[in-house]
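K.L.:
Just so it is clear, I am handing over upload_0.cif, which has mmCIF, C-alpha atoms.
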```
data_work
#
loop_
_atom_site.group_PDB
_atom_site.id
_atom_site.type_symbol
_atom_site.label_atom_id
_atom_site.label_comp_id
_atom_site.auth_asym_id
_atom_site.auth_seq_id
_atom_site.Cartn_x
_atom_site.Cartn_y
_atom_site.Cartn_z
ATOM 1 C CA MET R 1 -59.073 187.953 40.309
ATOM 2 C CA LEU R 2 -57.281 190.725 42.190
ATOM 3 C CA PHE R 3 -54.106 188.619 42.314
ATOM 4 C CA ILE R 4 -54.178 188.088 38.529
ATOM 5 C CA LEU R 5 -54.901 191.781 38.036
ATOM 6 C CA ASN R 6 -51.894 192.836 40.110
ATOM 7 C CA LEU R 7 -49.691 190.270 38.382
ATOM 8 C CA TYR R 8 -50.821 191.471 34.965
ATOM 9 C CA PHE R 9 -50.060 195.140 35.537
ATOM 10 C CA SER R 10 -46.796 194.442 37.364
ATOM 11 C CA PHE R 11 -45.440 192.567 34.358
ATOM 12 C CA VAL R 12 -46.764 195.142 31.899
ATOM 13 C CA THR R 13 -45.096 198.008 33.749
ATOM 14 C CA CYS R 14 -41.799 196.173 34.090
ATOM 15 C CA SER R 15 -41.828 195.049 30.474
ATOM 16 C CA LEU R 16 -42.058 198.610 29.265
ATOM 17 C CA LEU R 17 -38.416 199.094 30.168
ATOM 18 C CA TYR R 18 -37.457 196.723 27.355
ATOM 19 C CA ALA R 19 -37.944 196.504 23.630
ATOM 20 C CA GLY R 20 -40.548 194.040 22.452
ATOM 21 C CA VAL R 21 -43.764 195.464 23.885
ATOM 22 C CA SER R 22 -46.314 196.587 21.293
ATOM 23 C CA LEU R 23 -47.809 200.049 21.682
ATOM 24 C CA LYS R 24 -50.456 199.002 19.147
ATOM 25 C CA THR R 25 -51.705 196.265 21.465
ATOM 26 C CA GLN R 26 -51.778 198.660 24.409
ATOM 27 C CA GLU R 27 -53.844 201.162 22.406
ATOM 28 C CA LEU R 28 -56.321 198.442 21.495
ATOM 29 C CA TYR R 29 -56.528 197.373 25.136
ATOM 30 C CA ALA R 30 -57.360 200.972 26.051
ATOM 31 C CA LEU R 31 -60.236 200.896 23.557
ATOM 32 C CA VAL R 32 -61.389 197.547 24.956
ATOM 33 C CA PHE R 33 -61.544 198.898 28.505
ATOM 34 C CA ILE R 34 -63.176 202.193 27.503
ATOM 35 C CA THR R 35 -66.030 200.472 25.685
ATOM 36 C CA ARG R 36 -66.409 197.690 28.257
ATOM 37 C CA TYR R 37 -66.571 199.936 31.307
ATOM 38 C CA LEU R 38 -69.000 202.572 30.062
ATOM 39 C CA ASP R 39 -71.403 201.269 32.692
ATOM 40 C CA ILE R 40 -69.236 202.897 35.331
ATOM 41 C CA PHE R 41 -71.224 206.065 34.589
ATOM 42 C CA THR R 42 -74.662 204.428 34.665
ATOM 43 C CA SER R 43 -74.646 201.764 37.372
ATOM 44 C CA PHE R 44 -72.871 200.971 40.643
ATOM 45 C CA VAL R 45 -72.057 197.368 41.511
ATOM 46 C CA SER R 46 -69.565 197.723 44.356
ATOM 47 C CA ILE R 47 -66.565 199.765 45.428
ATOM 48 C CA TYR R 48 -64.277 196.892 44.451
ATOM 49 C CA ASN R 49 -65.832 196.675 40.982
ATOM 50 C CA THR R 50 -65.465 200.421 40.404
ATOM 51 C CA ILE R 51 -61.860 200.509 41.653
ATOM 52 C CA MET R 52 -60.975 197.500 39.474
ATOM 53 C CA LYS R 53 -62.312 199.236 36.363
ATOM 54 C CA LEU R 54 -60.495 202.471 37.202
ATOM 55 C CA ILE R 55 -57.240 200.549 37.723
ATOM 56 C CA PHE R 56 -57.586 198.868 34.330
ATOM 57 C CA LEU R 57 -58.280 202.198 32.620
ATOM 58 C CA GLY R 58 -55.677 204.233 34.504
ATOM 59 C CA SER R 59 -52.906 201.657 34.170
ATOM 60 C CA THR R 60 -53.476 201.147 30.455
ATOM 61 C CA PHE R 61 -53.451 204.870 29.690
ATOM 62 C CA SER R 62 -50.355 205.300 31.877
ATOM 63 C CA ILE R 63 -48.570 202.598 29.885
ATOM 64 C CA ILE R 64 -49.472 204.311 26.606
ATOM 65 C CA TRP R 65 -48.283 207.676 27.945
ATOM 66 C CA TYR R 66 -44.977 206.210 29.097
ATOM 67 C CA MET R 67 -44.357 204.522 25.767
ATOM 68 C CA LYS R 68 -45.084 207.724 23.847
ATOM 69 C CA ARG R 69 -43.714 210.420 26.156
ATOM 70 C CA HIS R 70 -41.256 209.076 28.738
ATOM 71 C CA LYS R 71 -37.724 209.574 27.448
ATOM 72 C CA LEU R 72 -36.224 206.314 28.728
ATOM 73 C CA VAL R 73 -39.170 204.083 27.849
ATOM 74 C CA ARG R 74 -39.724 205.751 24.476
ATOM 75 C CA ARG R 75 -36.143 204.979 23.437
ATOM 76 C CA SER R 76 -36.588 201.286 24.248
ATOM 77 C CA TYR R 77 -39.803 201.000 22.246
ATOM 78 C CA ASP R 78 -39.148 199.379 18.859
ATOM 79 C CA LYS R 79 -41.369 201.598 16.720
ATOM 80 C CA ASP R 80 -39.872 200.443 13.412
ATOM 81 C CA GLN R 81 -40.928 196.825 14.048
ATOM 82 C CA ASP R 82 -44.300 197.601 15.622
ATOM 83 C CA THR R 83 -46.060 198.432 12.348
ATOM 84 C CA PHE R 84 -49.181 196.234 12.517
ATOM 85 C CA ARG R 85 -52.164 198.245 11.201
ATOM 86 C CA HIS R 86 -54.131 197.683 14.355
ATOM 87 C CA TRP R 87 -56.989 200.083 13.644
ATOM 88 C CA PHE R 88 -58.084 197.780 10.806
ATOM 89 C CA LEU R 89 -59.202 195.357 13.520
ATOM 90 C CA VAL R 90 -61.663 197.846 14.987
ATOM 91 C CA LEU R 91 -64.264 198.151 12.218
ATOM 92 C CA PRO R 92 -64.839 194.397 11.675
ATOM 93 C CA CYS R 93 -65.285 193.933 15.438
ATOM 94 C CA LEU R 94 -67.765 196.821 15.563
ATOM 95 C CA ILE R 95 -69.770 195.462 12.618
ATOM 96 C CA LEU R 96 -69.797 192.011 14.223
ATOM 97 C CA ALA R 97 -71.038 193.519 17.507
ATOM 98 C CA LEU R 98 -73.850 195.309 15.669
ATOM 99 C CA LEU R 99 -74.901 192.036 14.049
ATOM 100 C CA ILE R 100 -74.341 189.644 16.966
ATOM 101 C CA HIS R 101 -75.322 190.735 20.476
ATOM 102 C CA GLU R 102 -77.564 189.673 23.328
ATOM 103 C CA LYS R 103 -79.500 192.945 23.424
ATOM 104 C CA PHE R 104 -79.554 195.859 20.993
ATOM 105 C CA SER R 105 -78.615 198.829 23.166
ATOM 106 C CA PHE R 106 -75.646 201.169 23.107
ATOM 107 C CA LEU R 107 -74.012 199.766 26.253
ATOM 108 C CA GLU R 108 -74.634 196.162 25.218
ATOM 109 C CA VAL R 109 -73.239 196.651 21.705
ATOM 110 C CA MET R 110 -70.176 198.436 23.104
ATOM 111 C CA TRP R 111 -69.647 195.632 25.615
ATOM 112 C CA THR R 112 -69.937 193.020 22.854
ATOM 113 C CA PHE R 113 -67.552 195.052 20.686
ATOM 114 C CA SER R 114 -65.008 195.030 23.520
ATOM 115 C CA ILE R 115 -65.284 191.241 23.781
ATOM 116 C CA PHE R 116 -64.693 190.757 20.053
ATOM 117 C CA LEU R 117 -61.840 193.263 19.990
ATOM 118 C CA GLU R 118 -60.138 191.692 22.998
ATOM 119 C CA ALA R 119 -60.104 188.385 21.111
ATOM 120 C CA VAL R 120 -57.702 189.846 18.515
ATOM 121 C CA VAL R 121 -55.979 192.551 20.563
ATOM 122 C CA ILE R 122 -52.824 190.455 20.995
ATOM 123 C CA LEU R 123 -52.135 190.203 17.229
ATOM 124 C CA PRO R 124 -49.865 193.320 17.016
ATOM 125 C CA GLN R 125 -47.873 192.002 19.989
ATOM 126 C CA LEU R 126 -47.440 188.541 18.488
ATOM 127 C CA VAL R 127 -46.440 189.971 15.108
ATOM 128 C CA LEU R 128 -43.878 192.232 16.800
ATOM 129 C CA LEU R 129 -42.367 189.290 18.675
ATOM 130 C CA GLN R 130 -42.226 187.255 15.484
ATOM 131 C CA ARG R 131 -40.378 190.065 13.712
ATOM 132 C CA THR R 132 -37.853 190.645 16.470
ATOM 133 C CA ARG R 133 -37.492 186.868 17.078
ATOM 134 C CA ASN R 134 -35.077 187.242 20.023
ATOM 135 C CA ILE R 135 -37.436 187.901 22.909
ATOM 136 C CA ASP R 136 -36.478 189.312 26.288
ATOM 137 C CA ASN R 137 -37.369 186.976 29.166
ATOM 138 C CA LEU R 138 -39.613 189.513 30.883
ATOM 139 C CA THR R 139 -41.469 190.303 27.666
ATOM 140 C CA GLY R 140 -41.990 186.594 27.036
ATOM 141 C CA GLN R 141 -43.347 186.140 30.555
ATOM 142 C CA TYR R 142 -45.654 189.113 30.091
ATOM 143 C CA VAL R 143 -47.208 187.659 26.921
ATOM 144 C CA PHE R 144 -47.404 184.188 28.473
ATOM 145 C CA LEU R 145 -49.276 185.562 31.487
ATOM 146 C CA LEU R 146 -51.705 187.420 29.227
ATOM 147 C CA GLY R 147 -52.528 184.141 27.489
ATOM 148 C CA ALA R 148 -52.658 182.167 30.730
ATOM 149 C CA TYR R 149 -54.981 184.804 32.180
ATOM 150 C CA ARG R 150 -57.436 184.186 29.342
ATOM 151 C CA ALA R 151 -57.019 180.388 29.495
ATOM 152 C CA LEU R 152 -57.958 180.435 33.197
ATOM 153 C CA TYR R 153 -61.196 182.151 32.249
ATOM 154 C CA ILE R 154 -62.102 179.106 30.149
ATOM 155 C CA LEU R 155 -61.690 176.862 33.201
ATOM 156 C CA ASN R 156 -63.915 179.251 35.139
ATOM 157 C CA TRP R 157 -66.589 179.084 32.420
ATOM 158 C CA ILE R 158 -66.531 175.285 32.425
ATOM 159 C CA TYR R 159 -66.900 175.207 36.200
ATOM 160 C CA ARG R 160 -69.784 177.700 36.184
ATOM 161 C CA TYR R 161 -71.531 175.851 33.344
ATOM 162 C CA PHE R 162 -71.767 172.722 35.493
ATOM 163 C CA THR R 163 -72.516 174.459 38.794
ATOM 164 C CA GLU R 164 -74.820 177.346 37.825
ATOM 165 C CA PRO R 165 -78.217 176.846 36.177
ATOM 166 C CA ASN R 166 -78.766 178.492 32.780
ATOM 167 C CA TYR R 167 -75.168 179.709 32.567
ATOM 168 C CA VAL R 168 -74.718 180.178 28.797
ATOM 169 C CA HIS R 169 -72.716 183.025 27.225
ATOM 170 C CA TRP R 170 -71.873 182.041 23.650
ATOM 171 C CA ILE R 171 -70.367 185.400 22.638
ATOM 172 C CA THR R 172 -67.910 185.407 25.523
ATOM 173 C CA TRP R 173 -67.099 181.723 25.167
ATOM 174 C CA ILE R 174 -66.370 181.753 21.445
ATOM 175 C CA SER R 175 -64.365 184.984 21.624
ATOM 176 C CA GLY R 176 -62.367 183.740 24.607
ATOM 177 C CA LEU R 177 -61.616 180.420 22.932
ATOM 178 C CA GLY R 178 -60.515 182.193 19.759
ATOM 179 C CA GLN R 179 -58.283 184.511 21.746
ATOM 180 C CA THR R 180 -56.672 181.588 23.561
ATOM 181 C CA LEU R 181 -56.046 179.777 20.265
ATOM 182 C CA LEU R 182 -54.103 182.820 19.020
ATOM 183 C CA TYR R 183 -51.663 182.203 21.854
ATOM 184 C CA ALA R 184 -51.278 178.493 21.107
ATOM 185 C CA ASP R 185 -48.200 178.814 18.890
ATOM 186 C CA PHE R 186 -46.531 181.187 21.349
ATOM 187 C CA PHE R 187 -47.323 178.841 24.246
ATOM 188 C CA TYR R 188 -45.625 175.982 22.418
ATOM 189 C CA TYR R 189 -42.361 177.857 21.828
ATOM 190 C CA TYR R 190 -42.440 179.410 25.298
ATOM 191 C CA ILE R 191 -42.755 176.002 27.002
ATOM 192 C CA GLU R 192 -40.105 174.494 24.723
ATOM 193 C CA SER R 193 -37.635 177.277 25.586
ATOM 194 C CA TRP R 194 -38.413 176.846 29.282
ATOM 195 C CA LYS R 195 -37.940 173.061 29.151
ATOM 196 C CA ASN R 196 -34.639 173.356 27.281
ATOM 197 C CA ASN R 197 -33.477 176.374 29.296
ATOM 198 C CA LYS R 198 -32.940 178.389 26.118
ATOM 199 C CA LYS R 199 -33.763 181.934 25.099
ATOM 200 C CA LEU R 200 -37.233 182.216 23.611
ATOM 201 C CA GLN R 201 -37.255 182.559 19.828
ATOM 202 C CA LEU R 202 -40.189 182.538 17.438
ATOM 203 C CA PRO R 203 -39.872 181.315 13.848
ATOM 204 C CA ALA R 204 -39.949 183.942 11.095
#
```
The structure given in the file should be rewritten as structure tokens.
P.N.:
Amino acid sequence: MLFILNLYFSFVTCSLLYAGVSLKTQELYALVFITRYLDIFTSFVSIYNTIMKLIFLGSTFSIIWYMKRHKLVRRSYDKDQDTFRHWFLVLPCLILALLIHEKFSFLEVMWTFSIFLEAVVILPQLVLLQRTRNIDNLTGQYVFLLGAYRALYILNWIYRYFTEPNYVHWITWISGLGQTLLYADFFYYYIESWKNNKKLQLPA
């Protein structure tokens, strides 16, 4: 997990030096982590768990700050193409979390909301890549790793289902599967470009 975490943030940070990274997606990720890690104030699991959550939160907010305020990074950000109305994704996910949850409590609803929102958080990024079409190699790798990161979770769920008694989490499973399916088209074109040693391009 720690390896994937380090890989994820390394590629995010590097990708910010190039056009093609969606600020809208990063803002949604910030909301995902805020609502998911509210338990950091109410319960203590381990030092590792706390540090992991703080790294997710701190790194995401740093990325947003750099994209909005840092002179070099701000100039490379393609604001004119990154116009997906991402906040319209928030309300449906919140309503769904209020209707479908394992336990009706503030922390549980917020956690469920973060799961639903994470399932669609990549949409602004995918739309931006489709609009720009010519995708920088590092940006393409960043998006591919985000999708692969989620796909590996599915393998973990399958393994735990067969090795742990009573391991059933329908909300997480369905949301994770839906999120992975959103990447399917990108995965296809990414693998095709890699096989043919060509620059990654998405159809309009």
K.L.:
Please list as a PyMOL selection string every residue within 7 Å of stretch 43-57 of chain R, counting only C-alpha atoms and excluding residues in the same chain fewer than 5 positions away.
P.N.:
chain R and resi 30+33+37
K.L.:
Report the residues retrieved by the PyMOL selection byres ((chain R and resi 112-117) around 12) from the displayed file, expressed as an MDAnalysis selection string.
P.N.:
chainID R and resid 25 27:38 86:111 118:123 150 169:179
K.L.:
When the PyMOL selection byres ((chain R and resi 124-136) around 9) is applied to the structure above, which residues does it catch, written out as JSON, numbers by chain?
P.N.:
{"R": [15, 18, 19, 20, 21, 22, 23, 24, 25, 26, 78, 81, 82, 83, 84, 85, 86, 120, 121, 122, 123, 137, 138, 139, 140, 141, 143, 182, 183, 186, 199, 200, 201, 202, 203, 204]}
K.L.:
Just checking: using only C-alpha atoms, which residue out of R:Lys198, R:Thr180, R:Glu192, R:Tyr142 ends up closest to R:Ile154?
P.N.:
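Smallest distance to R:Ile154 is found for R:Thr180.
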K.L.:
Output, as JSON, the centre and edge lengths in Å (one decimal) of the axis-aligned box that contains all listed atoms of stretch 69-82 of chain R with 3 Å of margin on each side.
P.N.:
```
{"center_x": -40.2, "center_y": 203.6, "center_z": 21.1, "size_x": 14.2, "size_y": 19.6, "size_z": 21.3}
```
K.L.:
I'd like the interatomic distance between atom CA of R:Lys68 and atom CA of R:Leu145, to a tenth of an Å.
P.N.:
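Result for atom CA of R:Lys68 versus atom CA of R:Leu145: 23.8 Å, one decimal.
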K.L.:
In Å, rounded to a single decimal, give me how far atom CA of R:Ala184 is from atom CA of R:Phe144.
P.N.:
10.1 Å
K.L.:
Of the candidates R:Arg74, R:Arg160, R:Val168, R:Tyr190, which shows the shortest atom-to-atom distance to R:Gly147, using all atoms listed in the file?
P.N.:
R:Tyr190
K.L.:
So how far away is atom CA of R:Ala148 from atom CA of R:Tyr189, in Å?
P.N.:
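The value is 14.3 Å.
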K.L.:
Pull all heavy atoms for stretch 135-148 of chain R from the block and write them as an mmCIF file, in the first residue's frame.
P.N.:
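Contents of result_22.cif, freshly written:
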```
data_model
loop_
_atom_site.group_PDB
_atom_site.id
_atom_site.type_symbol
_atom_site.label_atom_id
_atom_site.label_comp_id
_atom_site.auth_asym_id
_atom_site.auth_seq_id
_atom_site.Cartn_x
_atom_site.Cartn_y
_atom_site.Cartn_z
ATOM 1 N N ILE R 135 -1.657 13.716 -25.603
ATOM 2 C CA ILE R 135 -1.434 13.583 -24.174
ATOM 3 C C ILE R 135 0.042 13.376 -23.891
ATOM 4 O O ILE R 135 0.691 12.502 -24.491
ATOM 5 C CB ILE R 135 -2.248 12.394 -23.619
ATOM 6 C CG1 ILE R 135 -3.738 12.590 -23.955
ATOM 7 C CG2 ILE R 135 -2.053 12.237 -22.121
ATOM 8 C CD1 ILE R 135 -4.562 11.355 -23.752
ATOM 9 N N ASP R 136 0.579 14.160 -22.978
ATOM 10 C CA ASP R 136 1.965 14.003 -22.561
ATOM 11 C C ASP R 136 2.164 12.625 -21.932
ATOM 12 O O ASP R 136 1.282 12.103 -21.263
ATOM 13 C CB ASP R 136 2.314 15.108 -21.556
ATOM 14 C CG ASP R 136 3.755 15.037 -21.116
ATOM 15 O OD1 ASP R 136 4.017 14.329 -20.130
ATOM 16 O OD2 ASP R 136 4.599 15.665 -21.761
ATOM 17 N N ASN R 137 3.332 12.023 -22.162
ATOM 18 C CA ASN R 137 3.592 10.674 -21.665
ATOM 19 C C ASN R 137 3.428 10.570 -20.158
ATOM 20 O O ASN R 137 2.831 9.616 -19.649
ATOM 21 C CB ASN R 137 5.009 10.233 -22.058
ATOM 22 C CG ASN R 137 5.124 9.907 -23.532
ATOM 23 O OD1 ASN R 137 4.128 9.560 -24.162
ATOM 24 N ND2 ASN R 137 6.313 10.020 -24.076
ATOM 25 N N LEU R 138 3.932 11.545 -19.419
ATOM 26 C CA LEU R 138 3.864 11.498 -17.968
ATOM 27 C C LEU R 138 2.432 11.632 -17.472
ATOM 28 O O LEU R 138 2.020 10.968 -16.515
ATOM 29 C CB LEU R 138 4.735 12.612 -17.369
ATOM 30 C CG LEU R 138 5.099 12.471 -15.896
ATOM 31 C CD1 LEU R 138 5.761 11.126 -15.627
ATOM 32 C CD2 LEU R 138 6.004 13.599 -15.453
ATOM 33 N N THR R 139 1.644 12.473 -18.141
ATOM 34 C CA THR R 139 0.240 12.618 -17.776
ATOM 35 C C THR R 139 -0.519 11.326 -18.043
ATOM 36 O O THR R 139 -1.349 10.901 -17.236
ATOM 37 C CB THR R 139 -0.409 13.775 -18.555
ATOM 38 O OG1 THR R 139 0.345 14.967 -18.333
ATOM 39 C CG2 THR R 139 -1.843 13.997 -18.113
ATOM 40 N N GLY R 140 -0.227 10.695 -19.181
ATOM 41 C CA GLY R 140 -0.857 9.419 -19.504
ATOM 42 C C GLY R 140 -0.516 8.350 -18.476
ATOM 43 O O GLY R 140 -1.378 7.572 -18.060
ATOM 44 N N GLN R 141 0.747 8.311 -18.051
ATOM 45 C CA GLN R 141 1.160 7.344 -17.043
ATOM 46 C C GLN R 141 0.480 7.618 -15.710
ATOM 47 O O GLN R 141 0.097 6.684 -14.991
ATOM 48 C CB GLN R 141 2.682 7.393 -16.887
ATOM 49 C CG GLN R 141 3.426 6.858 -18.095
ATOM 50 C CD GLN R 141 4.907 7.161 -18.042
ATOM 51 O OE1 GLN R 141 5.391 7.794 -17.103
ATOM 52 N NE2 GLN R 141 5.635 6.714 -19.044
ATOM 53 N N TYR R 142 0.337 8.878 -15.386
ATOM 54 C CA TYR R 142 -0.335 9.266 -14.137
ATOM 55 C C TYR R 142 -1.777 8.755 -14.105
ATOM 56 O O TYR R 142 -2.215 8.135 -13.129
ATOM 57 C CB TYR R 142 -0.282 10.792 -14.003
ATOM 58 C CG TYR R 142 -1.370 11.409 -13.160
ATOM 59 C CD1 TYR R 142 -1.509 11.108 -11.817
ATOM 60 C CD2 TYR R 142 -2.268 12.324 -13.722
ATOM 61 C CE1 TYR R 142 -2.505 11.680 -11.055
ATOM 62 C CE2 TYR R 142 -3.266 12.906 -12.964
ATOM 63 C CZ TYR R 142 -3.378 12.581 -11.625
ATOM 64 O OH TYR R 142 -4.371 13.153 -10.877
ATOM 65 N N VAL R 143 -2.520 8.973 -15.180
ATOM 66 C CA VAL R 143 -3.915 8.525 -15.236
ATOM 67 C C VAL R 143 -3.978 6.996 -15.256
ATOM 68 O O VAL R 143 -4.842 6.390 -14.604
ATOM 69 C CB VAL R 143 -4.637 9.126 -16.456
ATOM 70 C CG1 VAL R 143 -6.058 8.585 -16.572
ATOM 71 C CG2 VAL R 143 -4.655 10.649 -16.362
ATOM 72 N N PHE R 144 -3.060 6.372 -15.987
ATOM 73 C CA PHE R 144 -3.041 4.906 -16.036
ATOM 74 C C PHE R 144 -2.797 4.323 -14.647
ATOM 75 O O PHE R 144 -3.452 3.348 -14.250
ATOM 76 C CB PHE R 144 -1.956 4.431 -17.000
ATOM 77 C CG PHE R 144 -1.851 2.938 -17.094
ATOM 78 C CD1 PHE R 144 -2.731 2.213 -17.880
ATOM 79 C CD2 PHE R 144 -0.869 2.254 -16.381
ATOM 80 C CE1 PHE R 144 -2.641 0.823 -17.951
ATOM 81 C CE2 PHE R 144 -0.773 0.874 -16.448
ATOM 82 C CZ PHE R 144 -1.666 0.157 -17.232
ATOM 83 N N LEU R 145 -1.883 4.907 -13.889
ATOM 84 C CA LEU R 145 -1.593 4.411 -12.551
ATOM 85 C C LEU R 145 -2.761 4.619 -11.600
ATOM 86 O O LEU R 145 -3.001 3.787 -10.709
ATOM 87 C CB LEU R 145 -0.332 5.082 -11.997
ATOM 88 C CG LEU R 145 0.992 4.593 -12.595
ATOM 89 C CD1 LEU R 145 2.153 5.409 -12.073
ATOM 90 C CD2 LEU R 145 1.205 3.121 -12.285
ATOM 91 N N LEU R 146 -3.497 5.717 -11.778
ATOM 92 C CA LEU R 146 -4.695 5.929 -10.962
ATOM 93 C C LEU R 146 -5.701 4.804 -11.196
ATOM 94 O O LEU R 146 -6.300 4.275 -10.254
ATOM 95 C CB LEU R 146 -5.343 7.276 -11.296
ATOM 96 C CG LEU R 146 -4.728 8.532 -10.686
ATOM 97 C CD1 LEU R 146 -5.488 9.767 -11.158
ATOM 98 C CD2 LEU R 146 -4.736 8.471 -9.171
ATOM 99 N N GLY R 147 -5.899 4.453 -12.464
ATOM 100 C CA GLY R 147 -6.832 3.374 -12.794
ATOM 101 C C GLY R 147 -6.325 2.020 -12.334
ATOM 102 O O GLY R 147 -7.090 1.200 -11.811
ATOM 103 N N ALA R 148 -5.022 1.784 -12.525
ATOM 104 C CA ALA R 148 -4.439 0.507 -12.101
ATOM 105 C C ALA R 148 -4.512 0.353 -10.590
ATOM 106 O O ALA R 148 -4.742 -0.743 -10.063
ATOM 107 C CB ALA R 148 -2.993 0.423 -12.578
#
```
